file my_file_21.tsv (TSV, C-alpha atoms)
chain	number	residue	atom	x	y	z
H	26	MET	CA	2.25	7.71	-12.95
H	27	GLN	CA	-0.04	10.52	-13.92
H	28	SER	CA	-1.16	12.72	-11.09
H	29	VAL	CA	-4.65	14.17	-10.95
H	30	THR	CA	-6.16	16.94	-8.94
H	31	LEU	CA	-9.31	16.56	-6.94
H	32	ALA	CA	-11.22	18.54	-9.54
H	33	GLU	CA	-9.93	16.32	-12.32
H	34	ALA	CA	-10.60	13.24	-10.31
H	35	THR	CA	-14.18	14.14	-9.64
H	36	ARG	CA	-14.94	15.46	-13.10
H	37	GLY	CA	-16.84	13.42	-15.60
H	38	HIS	CA	-19.92	11.38	-15.77
H	39	ARG	CA	-21.12	8.85	-13.34
H	40	TRP	CA	-21.42	5.53	-15.00
H	41	ARG	CA	-24.92	4.27	-15.06
H	42	CYS	CA	-26.00	0.93	-16.31
H	43	ASP	CA	-27.48	2.18	-19.57
H	44	ILE	CA	-24.83	0.29	-21.43
H	45	GLY	CA	-24.44	-2.17	-24.21
H	46	GLY	CA	-24.76	-5.89	-23.94
H	47	ARG	CA	-27.75	-5.88	-21.66
H	48	GLY	CA	-30.69	-8.14	-22.07
H	49	ASN	CA	-34.16	-6.98	-22.94
H	50	ALA	CA	-36.78	-5.82	-20.46
H	51	THR	CA	-38.15	-9.29	-19.87
H	52	ASP	CA	-34.91	-10.94	-18.91
H	53	ARG	CA	-33.43	-8.13	-16.84
H	54	GLY	CA	-34.08	-9.11	-13.29
H	55	SER	CA	-35.04	-6.93	-10.38
H	56	SER	CA	-35.08	-8.46	-6.95
H	57	LYS	CA	-35.72	-7.09	-3.49
H	58	PHE	CA	-34.59	-8.60	-0.26
H	59	GLY	CA	-34.22	-7.38	3.26
H	60	GLY	CA	-32.08	-8.64	6.06
H	61	GLY	CA	-28.46	-8.41	6.83
H	62	THR	CA	-26.71	-7.55	3.62
H	63	ALA	CA	-27.60	-3.91	3.42
H	64	GLY	CA	-28.23	-3.23	7.04
H	65	GLY	CA	-31.68	-4.74	7.15
H	66	GLY	CA	-33.34	-1.83	5.38
H	67	GLY	CA	-33.93	-3.73	2.20
H	68	ALA	CA	-31.81	-3.81	-0.90
H	69	THR	CA	-32.97	-3.81	-4.48
H	70	LEU	CA	-30.82	-5.37	-7.16
H	71	GLU	CA	-31.72	-4.19	-10.63
H	72	GLY	CA	-30.55	-5.49	-13.95
H	73	TYR	CA	-29.33	-8.92	-12.87
H	74	GLY	CA	-30.89	-10.66	-15.84
H	75	THR	CA	-30.01	-13.64	-17.97
H	76	ALA	CA	-26.99	-12.10	-19.67
H	77	GLU	CA	-25.60	-10.66	-16.44
H	78	ARG	CA	-25.99	-13.95	-14.59
H	79	ALA	CA	-24.24	-15.78	-17.41
H	80	LEU	CA	-21.35	-13.34	-17.30
H	81	ALA	CA	-21.19	-13.63	-13.52
H	82	ARG	CA	-20.87	-17.40	-13.90
H	83	LYS	CA	-18.05	-16.87	-16.37
H	84	ILE	CA	-16.23	-14.42	-14.13
H	85	PHE	CA	-16.69	-16.20	-10.81
H	86	GLY	CA	-16.92	-19.77	-12.09
H	87	LYS	CA	-20.20	-20.32	-10.24
H	88	ASN	CA	-23.68	-18.91	-9.76
H	89	VAL	CA	-23.56	-15.81	-7.60
H	90	SER	CA	-26.53	-14.96	-5.39
H	91	ASP	CA	-28.26	-11.58	-5.55
H	92	LYS	CA	-27.23	-10.94	-1.96
H	93	ASP	CA	-23.55	-11.55	-2.71
H	94	ILE	CA	-23.71	-9.28	-5.78
H	95	VAL	CA	-25.07	-6.50	-3.57
H	96	THR	CA	-22.45	-7.11	-0.90
H	97	MET	CA	-19.59	-7.35	-3.39
H	98	ALA	CA	-20.81	-4.05	-4.82
H	99	GLY	CA	-19.87	-2.46	-1.51
H	100	ALA	CA	-23.41	-1.92	-0.21
H	101	GLY	CA	-23.10	-4.06	2.90
H	102	GLY	CA	-22.41	-1.20	5.30
H	103	PHE	CA	-25.44	0.89	4.42
H	104	THR	CA	-28.68	1.00	6.34
H	105	GLY	CA	-32.00	1.93	4.79
H	106	LYS	CA	-33.05	1.69	1.19
H	107	VAL	CA	-30.23	0.87	-1.17
H	108	THR	CA	-30.45	0.12	-4.86
H	109	VAL	CA	-27.74	-1.70	-6.77
H	110	GLU	CA	-27.76	-1.62	-10.56
H	111	ILE	CA	-25.73	-4.11	-12.54
H	112	GLY	CA	-24.91	-4.12	-16.22
H	113	ILE	CA	-22.36	-5.27	-18.76
H	114	ARG	CA	-19.66	-2.99	-20.08
H	115	ASP	CA	-16.74	-4.07	-22.23
H	116	GLY	CA	-17.22	-7.69	-21.21
H	117	LYS	CA	-17.13	-6.84	-17.52
H	118	LEU	CA	-19.90	-6.54	-14.94
H	119	GLN	CA	-20.30	-3.04	-13.63
H	120	VAL	CA	-22.26	-2.37	-10.46
H	121	ASP	CA	-23.47	0.95	-9.20
H	122	ILE	CA	-24.91	1.77	-5.76
H	123	ASP	CA	-27.66	4.27	-5.18
H	124	HIS	CA	-28.27	5.39	-1.58
H	125	LYS	CA	-29.05	8.70	0.06
H	126	LEU	CA	-25.54	8.82	1.55
H	127	VAL	CA	-23.67	8.14	-1.70
H	128	GLY	CA	-21.78	11.18	-2.98
H	129	LYS	CA	-22.42	12.73	-6.36
H	130	ASP	CA	-19.61	10.79	-8.01
H	131	GLY	CA	-21.07	7.55	-6.86
H	132	ILE	CA	-19.94	4.12	-5.83
H	133	THR	CA	-19.09	1.96	-8.79
H	134	GLN	CA	-17.28	-1.35	-8.94
H	135	THR	CA	-16.37	-3.65	-11.80
H	136	PHE	CA	-16.28	-7.43	-11.60
H	137	TYR	CA	-13.98	-9.01	-14.17
H	138	ARG	CA	-11.66	-11.88	-14.82
H	139	ASP	CA	-8.11	-11.94	-16.15
H	140	LYS	CA	-5.39	-14.55	-16.14
H	141	GLY	CA	-5.10	-14.09	-12.39
H	142	GLY	CA	-8.73	-15.09	-11.83
H	143	ALA	CA	-11.85	-13.23	-10.70
H	144	LYS	CA	-11.19	-9.68	-9.54
H	145	ILE	CA	-12.99	-6.55	-8.41
H	146	TYR	CA	-11.96	-3.08	-9.49
H	147	MET	CA	-13.20	-0.23	-7.33
H	148	ASP	CA	-13.84	2.53	-9.83
H	149	SER	CA	-15.15	5.07	-7.36
H	150	TYR	CA	-16.24	5.23	-3.76
H	151	PHE	CA	-17.70	8.57	-2.78
H	152	LEU	CA	-19.78	9.17	0.32
H	153	LYS	CA	-21.48	12.43	1.18
H	154	PRO	CA	-19.55	14.43	3.78
H	155	GLU	CA	-22.16	13.76	6.47
H	156	ALA	CA	-21.71	10.02	5.92
H	157	GLN	CA	-17.94	10.02	6.22
H	158	GLY	CA	-16.07	8.96	9.31
H	159	LYS	CA	-18.92	6.73	10.48
H	160	GLY	CA	-17.53	3.41	9.45
H	161	ILE	CA	-19.84	2.90	6.47
H	162	GLY	CA	-16.99	2.54	4.01
H	163	GLY	CA	-14.94	0.33	6.30
H	164	LYS	CA	-17.81	-2.00	7.08
H	165	SER	CA	-18.84	-2.14	3.44
H	166	LEU	CA	-15.29	-3.02	2.46
H	167	TYR	CA	-15.03	-5.71	5.11
H	168	LEU	CA	-18.31	-7.33	4.05
H	169	GLN	CA	-17.32	-6.95	0.41
H	170	LYS	CA	-14.09	-8.75	1.12
H	171	GLU	CA	-15.90	-11.58	2.92
H	172	ALA	CA	-18.36	-12.02	0.04
H	173	ALA	CA	-15.53	-11.81	-2.47
H	174	ILE	CA	-13.62	-14.61	-0.74
H	175	ARG	CA	-16.81	-16.73	-0.66
H	176	ASN	CA	-17.08	-16.31	-4.42
H	177	GLY	CA	-13.45	-17.05	-5.25
H	178	VAL	CA	-12.31	-13.49	-5.99
H	179	LYS	CA	-8.52	-13.23	-6.00
H	180	GLU	CA	-8.07	-9.52	-5.35
H	181	ILE	CA	-9.73	-6.13	-5.05
H	182	ASN	CA	-7.97	-3.34	-6.92
H	183	LEU	CA	-8.19	0.44	-7.02
H	184	TYR	CA	-6.24	3.57	-7.72
H	185	ALA	CA	-5.75	5.60	-4.56
H	186	LEU	CA	-5.65	9.34	-4.93
H	187	ARG	CA	-3.56	11.91	-3.15
H	188	ASP	CA	-3.88	15.51	-4.27
H	189	GLY	CA	-2.14	17.33	-1.47
H	190	THR	CA	-5.26	18.90	-0.06
H	191	LYS	CA	-8.17	16.96	1.33
H	192	ALA	CA	-8.10	13.82	-0.77
H	193	PHE	CA	-6.13	11.26	1.12
H	194	GLY	CA	-7.34	8.01	-0.32
H	195	HIS	CA	-3.73	6.85	-0.43
H	196	ARG	CA	-3.66	6.74	3.37
H	197	ALA	CA	-7.21	5.59	3.96
H	198	TRP	CA	-6.88	2.59	1.68
H	199	ALA	CA	-3.48	1.71	3.06
H	200	ASP	CA	-4.94	2.00	6.56
H	201	VAL	CA	-7.54	-0.68	5.83
H	202	GLY	CA	-5.04	-3.08	4.30
H	203	PHE	CA	-4.48	-2.24	0.63
H	204	GLU	CA	-0.99	-2.98	-0.64
H	205	ALA	CA	1.34	-1.41	-3.19
H	206	LYS	CA	4.96	-1.69	-4.17
H	207	LEU	CA	7.06	1.26	-3.06
H	208	THR	CA	8.88	3.18	-5.76
H	209	ASN	CA	12.65	3.55	-5.71
H	210	THR	CA	12.18	7.22	-4.82
H	211	GLN	CA	10.05	6.29	-1.83
H	212	LYS	CA	12.63	3.72	-0.68
H	213	ASP	CA	15.42	6.29	-1.08
H	214	ASN	CA	13.44	8.82	0.91
H	215	TRP	CA	12.86	6.27	3.65
H	216	GLN	CA	16.56	5.51	3.84
H	217	ARG	CA	17.40	9.20	4.04
H	218	ALA	CA	14.88	9.63	6.83
H	219	ASN	CA	16.20	6.58	8.68
H	220	PRO	CA	19.99	6.69	8.26
H	221	LEU	CA	20.68	4.36	11.17
H	222	ASP	CA	18.84	1.51	9.48
H	223	ALA	CA	21.71	0.95	7.04
H	224	LEU	CA	24.24	0.83	9.88
H	225	ARG	CA	22.11	-1.78	11.63
H	226	GLY	CA	21.70	-3.78	8.43
H	227	VAL	CA	17.98	-3.07	8.28
H	228	LYS	CA	16.78	-2.94	4.69
H	229	PRO	CA	14.20	-0.37	3.65
H	230	PRO	CA	10.63	-1.63	3.28
H	231	THR	CA	9.61	-2.54	-0.24
H	232	THR	CA	5.83	-2.42	0.09
H	233	VAL	CA	3.20	-0.35	1.84
H	234	ARG	CA	2.47	-3.18	4.25
H	235	GLY	CA	6.14	-3.48	5.09
H	236	LEU	CA	6.26	0.27	5.59
H	237	TYR	CA	3.30	0.15	7.96
H	238	GLU	CA	5.17	-2.35	10.11
H	239	ARG	CA	7.89	0.22	10.77
H	240	ALA	CA	7.58	2.92	13.37
H	241	GLY	CA	6.58	6.11	11.60
H	242	GLY	CA	5.82	4.19	8.41
H	243	ARG	CA	2.19	5.22	8.26
H	244	GLU	CA	3.12	8.89	8.51
H	245	PHE	CA	5.80	8.40	5.88
H	246	TRP	CA	3.25	6.97	3.46
H	247	SER	CA	0.92	9.84	4.18
H	248	ARG	CA	3.61	12.30	3.09
H	249	HIS	CA	5.34	10.38	0.32
H	250	ALA	CA	2.63	8.55	-1.61
H	251	GLU	CA	2.42	9.55	-5.24
H	252	GLY	CA	-0.60	11.36	-6.67
H	253	LEU	CA	-2.13	8.14	-7.84
H	254	THR	CA	-1.17	4.67	-6.70
H	255	ALA	CA	-2.43	1.33	-7.95
H	256	MET	CA	-3.30	-0.59	-4.80
H	257	HIS	CA	-4.29	-4.20	-4.33
H	258	MET	CA	-5.96	-6.30	-1.69
H	259	LYS	CA	-4.95	-9.91	-2.25
H	260	LEU	CA	-7.53	-12.31	-0.88
H	261	ASN	CA	-5.43	-15.45	-0.66
H	262	ARG	CA	-4.93	-17.25	2.62
H	263	GLY	CA	-2.21	-15.55	4.61
H	264	SER	CA	-2.67	-12.22	2.86
H	265	LYS	CA	-1.31	-9.36	4.95
H	266	SER	CA	-4.06	-7.14	3.53
H	267	VAL	CA	-6.77	-9.49	4.79
H	268	LYS	CA	-5.14	-9.71	8.21
H	269	VAL	CA	-5.16	-5.95	8.59
H	270	LEU	CA	-8.77	-5.59	7.46
H	271	ASP	CA	-9.88	-8.45	9.72
H	272	ALA	CA	-8.12	-6.90	12.70
H	273	TYR	CA	-9.80	-3.57	12.01
H	274	ALA	CA	-13.17	-5.29	11.65
H	275	MET	CA	-12.58	-7.09	14.92
H	276	LYS	CA	-11.86	-3.82	16.67
H	277	LYS	CA	-14.98	-2.25	15.22
H	278	GLY	CA	-17.10	-5.24	16.22
H	279	TRP	CA	-18.03	-6.24	12.66
H	280	ARG	CA	-16.13	-9.48	12.99
H	281	LYS	CA	-16.62	-11.82	15.93
A	2	MET	CA	0.36	-30.47	3.02
A	3	PRO	CA	0.88	-26.95	4.36
A	4	GLN	CA	1.46	-24.27	1.80
A	5	ALA	CA	4.99	-22.88	1.78
A	6	LYS	CA	5.20	-19.38	3.20
A	7	GLN	CA	5.31	-16.78	0.51
A	8	THR	CA	8.59	-14.89	0.32
A	9	ASP	CA	8.89	-11.13	0.09
A	10	ALA	CA	10.26	-11.54	-3.43
A	11	GLN	CA	7.21	-13.57	-4.47
A	12	ARG	CA	4.87	-10.99	-2.96
A	13	LEU	CA	6.65	-8.19	-4.82
A	14	LYS	CA	6.48	-10.09	-8.10
A	15	GLU	CA	2.76	-10.69	-7.61
A	16	LEU	CA	2.18	-7.03	-6.83
A	17	GLU	CA	3.99	-6.01	-10.00
A	18	GLU	CA	1.90	-8.44	-12.03
A	19	SER	CA	-1.31	-7.19	-10.44
A	20	THR	CA	-0.50	-3.60	-11.33
A	21	GLU	CA	0.47	-4.56	-14.90
A	22	LEU	CA	-2.74	-6.55	-15.35
A	23	LEU	CA	-4.80	-3.70	-13.94
A	24	GLU	CA	-3.30	-1.31	-16.46
A	25	LYS	CA	-3.82	-3.80	-19.30
A	26	GLN	CA	-7.50	-4.08	-18.43
A	27	GLY	CA	-7.84	-0.46	-19.45
A	28	PHE	CA	-9.10	0.89	-16.15
A	29	LYS	CA	-8.44	4.60	-16.21
A	30	PRO	CA	-6.97	6.08	-13.08
A	31	ARG	CA	-8.26	9.55	-13.86
A	32	ARG	CA	-11.00	9.17	-11.31
A	33	GLY	CA	-9.10	8.09	-8.27
A	34	VAL	CA	-10.88	6.62	-5.33
A	35	MET	CA	-10.71	9.11	-2.53
A	36	ILE	CA	-11.93	9.75	0.93
A	37	GLU	CA	-12.27	13.29	2.13
A	38	ASP	CA	-12.35	12.62	5.82
A	39	ASP	CA	-10.48	10.38	8.19
A	40	PRO	CA	-12.40	7.15	8.49
A	41	ASP	CA	-13.62	6.44	11.94
A	42	GLY	CA	-11.10	5.00	14.34
A	43	LEU	CA	-8.19	4.31	11.99
A	44	ASP	CA	-5.78	6.62	13.80
A	45	GLU	CA	-6.51	4.82	17.05
A	46	PHE	CA	-6.37	1.43	15.36
A	47	TRP	CA	-2.90	2.08	14.02
A	48	SER	CA	-1.52	3.85	17.07
A	49	GLU	CA	-2.25	0.68	19.04
A	50	ARG	CA	-0.32	-1.45	16.56
A	51	VAL	CA	2.76	0.50	15.51
A	52	PRO	CA	4.13	3.60	17.25
A	53	SER	CA	4.27	6.78	15.25
A	54	SER	CA	7.43	8.87	15.00
A	55	GLU	CA	5.81	11.34	17.35
A	56	GLN	CA	5.17	8.65	19.95
A	57	LEU	CA	8.74	7.39	19.72
A	58	SER	CA	10.11	10.89	19.99
A	59	ARG	CA	8.22	11.29	23.23
A	60	ASP	CA	9.80	8.03	24.39
A	61	GLY	CA	13.25	9.34	23.49
A	62	SER	CA	14.09	6.88	20.73
A	63	GLY	CA	13.89	9.43	17.94
A	64	GLY	CA	11.37	7.52	15.90
A	65	ARG	CA	13.95	5.55	13.99
A	66	GLU	CA	13.76	2.18	15.60
A	67	ALA	CA	12.38	-0.42	13.26
A	68	VAL	CA	9.67	-2.37	14.99
A	69	HIS	CA	7.50	-5.21	13.84
A	70	THR	CA	4.47	-5.21	16.02
A	71	VAL	CA	1.75	-6.00	13.55
A	72	SER	CA	0.18	-9.15	14.81
A	73	PRO	CA	-1.24	-11.72	12.43
call {"tool": "encode", "arguments": {"input": "my_file_21.tsv", "output": "structure tokens"}}
result
Amino acid sequence: MQSVTLAEATRGHRWRCDIGGRGNATDRGSSKFGGGTAGGGGATLEGYGTAERALARKIFGKNVSDKDIVTMAGAGGFTGKVTVEIGIRDGKLQVDIDHKLVGKDGITQTFYRDKGGAKIYMDSYFLKPEAQGKGIGGKSLYLQKEAAIRNGVKEINLYALRDGTKAFGHRAWADVGFEAKLTNTQKDNWQRANPLDALRGVKPPTTVRGLYERAGGREFWSRHAEGLTAMHMKLNRGSKSVKVLDAYAMKKGWRK
Amino acid sequence: MPQAKQTDAQRLKELEESTELLEKQGFKPRRGVMIEDDPDGLDEFWSERVPSSEQLSRDGSGGREAVHTVSP
């Protein structure tokens, strides 16, 4: 898979919702609501008009509330004023969060449907440095996952980046439950690092979640992940990804 | 009727399909999702669940023992 540097990864435009397929000014909704979804500070959802609602029904197979759109956009962990813009791009719903703590490359997600059902693709998730390490991303992801399950979403997908310097999305997303298949090279490297396993009849792990169940597996992933890894969070009952994220949310007090 | 437990082979097949479908959708991985700082508490969260190689080395086991301590 192609590897990208941090500079390459952060280059380019931030998608805004000035895109084709949108309704006119009279049918493009804008709603405000306070309360729990975005930390009680009040969220504004812009652009959720007739066409967007119809596409949401097509993707999710049901009407989706404004609150759930905001939460599935990944805005649930923010406090204070947050604005979520939604629009249609290439037959998919694209949502974009605006908040004072969002980094310059933004937080953008895409809601879409393929033969596997309704899915969310996390295009970018950038927080400002002063907002990192405070649980905003983790809480947003947990609440996003809960809303996604409520609305029948089958999985959340992303590409995790590792560039060898300070970008370690590969570990962060694996830490909160995302899953990926290990490459043959990674399995070979694991076997070389754990030669006694073969003698004991212990097979190498085949997935990131399997790797994380082994002692030293998390560190191994940190060192051996490729530059860019497609990662998935399956939302079906019994999903290992969901179990990890729920356990983390429990520890953080987001889940009772 | 309870759903049959998914096998590792089924999980792998589903993962492969998910990645293939993601690529077919045309999502471009050029802008990877990244985090520049260690999210709060994840080191502690994981150290409580599965020992690191460093922890096992301190215990004298060399960090090679396969353990399965992740609780459901």
call {"tool": "residues_around", "arguments": {"input": "my_file_21.tsv", "residues": "H:Arg234", "least_positions_apart": "2", "cutoff": "10 Å", "atoms": "only C-alpha atoms", "output": "ChimeraX atom specification"}}
result
/H:199-200,202-207,230-232,236-239,242-243,265-266,269 /A:71
call {"tool": "atom_distance", "arguments": {"input": "my_file_21.tsv", "atom1": "atom CA of H:Ile132", "atom2": "atom CA of H:Val120"}}
result
8.3 Å
call {"tool": "residues_around", "arguments": {"input": "my_file_21.tsv", "residues": "H:Lys170", "least_positions_apart": "2", "cutoff": "9 Å", "atoms": "all atoms listed in the file", "output": "number ranges by chain"}}
result
H: 96-97, 99, 165-168, 172-175, 178, 180-181, 258, 260, 267, 270
call {"tool": "write_last_selection", "arguments": {"input": "my_file_21.tsv", "atoms": "C-alpha atoms", "output": "PDB file, in the frame of the given file"}}
result
ATOM      1  CA  THR H  96     -22.450  -7.110  -0.900  1.00  0.00           C
ATOM      2  CA  MET H  97     -19.590  -7.350  -3.390  1.00  0.00           C
ATOM      3  CA  GLY H  99     -19.870  -2.460  -1.510  1.00  0.00           C
ATOM      4  CA  SER H 165     -18.840  -2.140   3.440  1.00  0.00           C
ATOM      5  CA  LEU H 166     -15.290  -3.020   2.460  1.00  0.00           C
ATOM      6  CA  TYR H 167     -15.030  -5.710   5.110  1.00  0.00           C
ATOM      7  CA  LEU H 168     -18.310  -7.330   4.050  1.00  0.00           C
ATOM      8  CA  ALA H 172     -18.360 -12.020   0.040  1.00  0.00           C
ATOM      9  CA  ALA H 173     -15.530 -11.810  -2.470  1.00  0.00           C
ATOM     10  CA  ILE H 174     -13.620 -14.610  -0.740  1.00  0.00           C
ATOM     11  CA  ARG H 175     -16.810 -16.730  -0.660  1.00  0.00           C
ATOM     12  CA  VAL H 178     -12.310 -13.490  -5.990  1.00  0.00           C
ATOM     13  CA  GLU H 180      -8.070  -9.520  -5.350  1.00  0.00           C
ATOM     14  CA  ILE H 181      -9.730  -6.130  -5.050  1.00  0.00           C
ATOM     15  CA  MET H 258      -5.960  -6.300  -1.690  1.00  0.00           C
ATOM     16  CA  LEU H 260      -7.530 -12.310  -0.880  1.00  0.00           C
ATOM     17  CA  VAL H 267      -6.770  -9.490   4.790  1.00  0.00           C
ATOM     18  CA  LEU H 270      -8.770  -5.590   7.460  1.00  0.00           C
TER      19      LEU H 270
END
call {"tool": "interface_residues", "arguments": {"input": "my_file_21.tsv", "of": "chain H", "to": "chain A", "cutoff": "8 Å", "atoms": "all atoms listed in the file", "output": "VMD selection string"}}
result
chain H and resid 29 33 to 36 139 147 to 152 154 157 to 160 162 to 163 182 to 187 191 to 195 197 200 to 201 205 to 206 219 221 to 222 227 231 to 232 237 to 244 253 255 to 257 265 268 to 269 273 276
call {"tool": "atom_distance", "arguments": {"input": "my_file_21.tsv", "atom1": "atom CA of H:His124", "atom2": "atom CA of H:Ala81"}}
result
23.5 Å
call {"tool": "closest_residue", "arguments": {"input": "my_file_21.tsv", "among": "H:Lys83, H:His249, H:Lys92, H:Arg78", "to": "H:Ser56", "atoms": "only C-alpha atoms"}}
result
H:Lys92
call {"tool": "atom_distance", "arguments": {"input": "my_file_21.tsv", "atom1": "atom CA of H:Ala100", "atom2": "atom CA of H:Gln169"}}
result
7.9 Å
call {"tool": "residues_around", "arguments": {"input": "my_file_21.tsv", "residues": "H:Gly116", "least_positions_apart": "2", "cutoff": "9 Å", "atoms": "all atoms listed in the file", "output": "PDB file with C-alpha atoms, in the coordinates of the input"}}
result
ATOM      1  CA  GLY H  46     -24.760  -5.890 -23.940  1.00  0.00           C
ATOM      2  CA  LEU H  80     -21.350 -13.340 -17.300  1.00  0.00           C
ATOM      3  CA  ILE H 113     -22.360  -5.270 -18.760  1.00  0.00           C
ATOM      4  CA  ARG H 114     -19.660  -2.990 -20.080  1.00  0.00           C
ATOM      5  CA  LEU H 118     -19.900  -6.540 -14.940  1.00  0.00           C
ATOM      6  CA  TYR H 137     -13.980  -9.010 -14.170  1.00  0.00           C
TER       7      TYR H 137
END
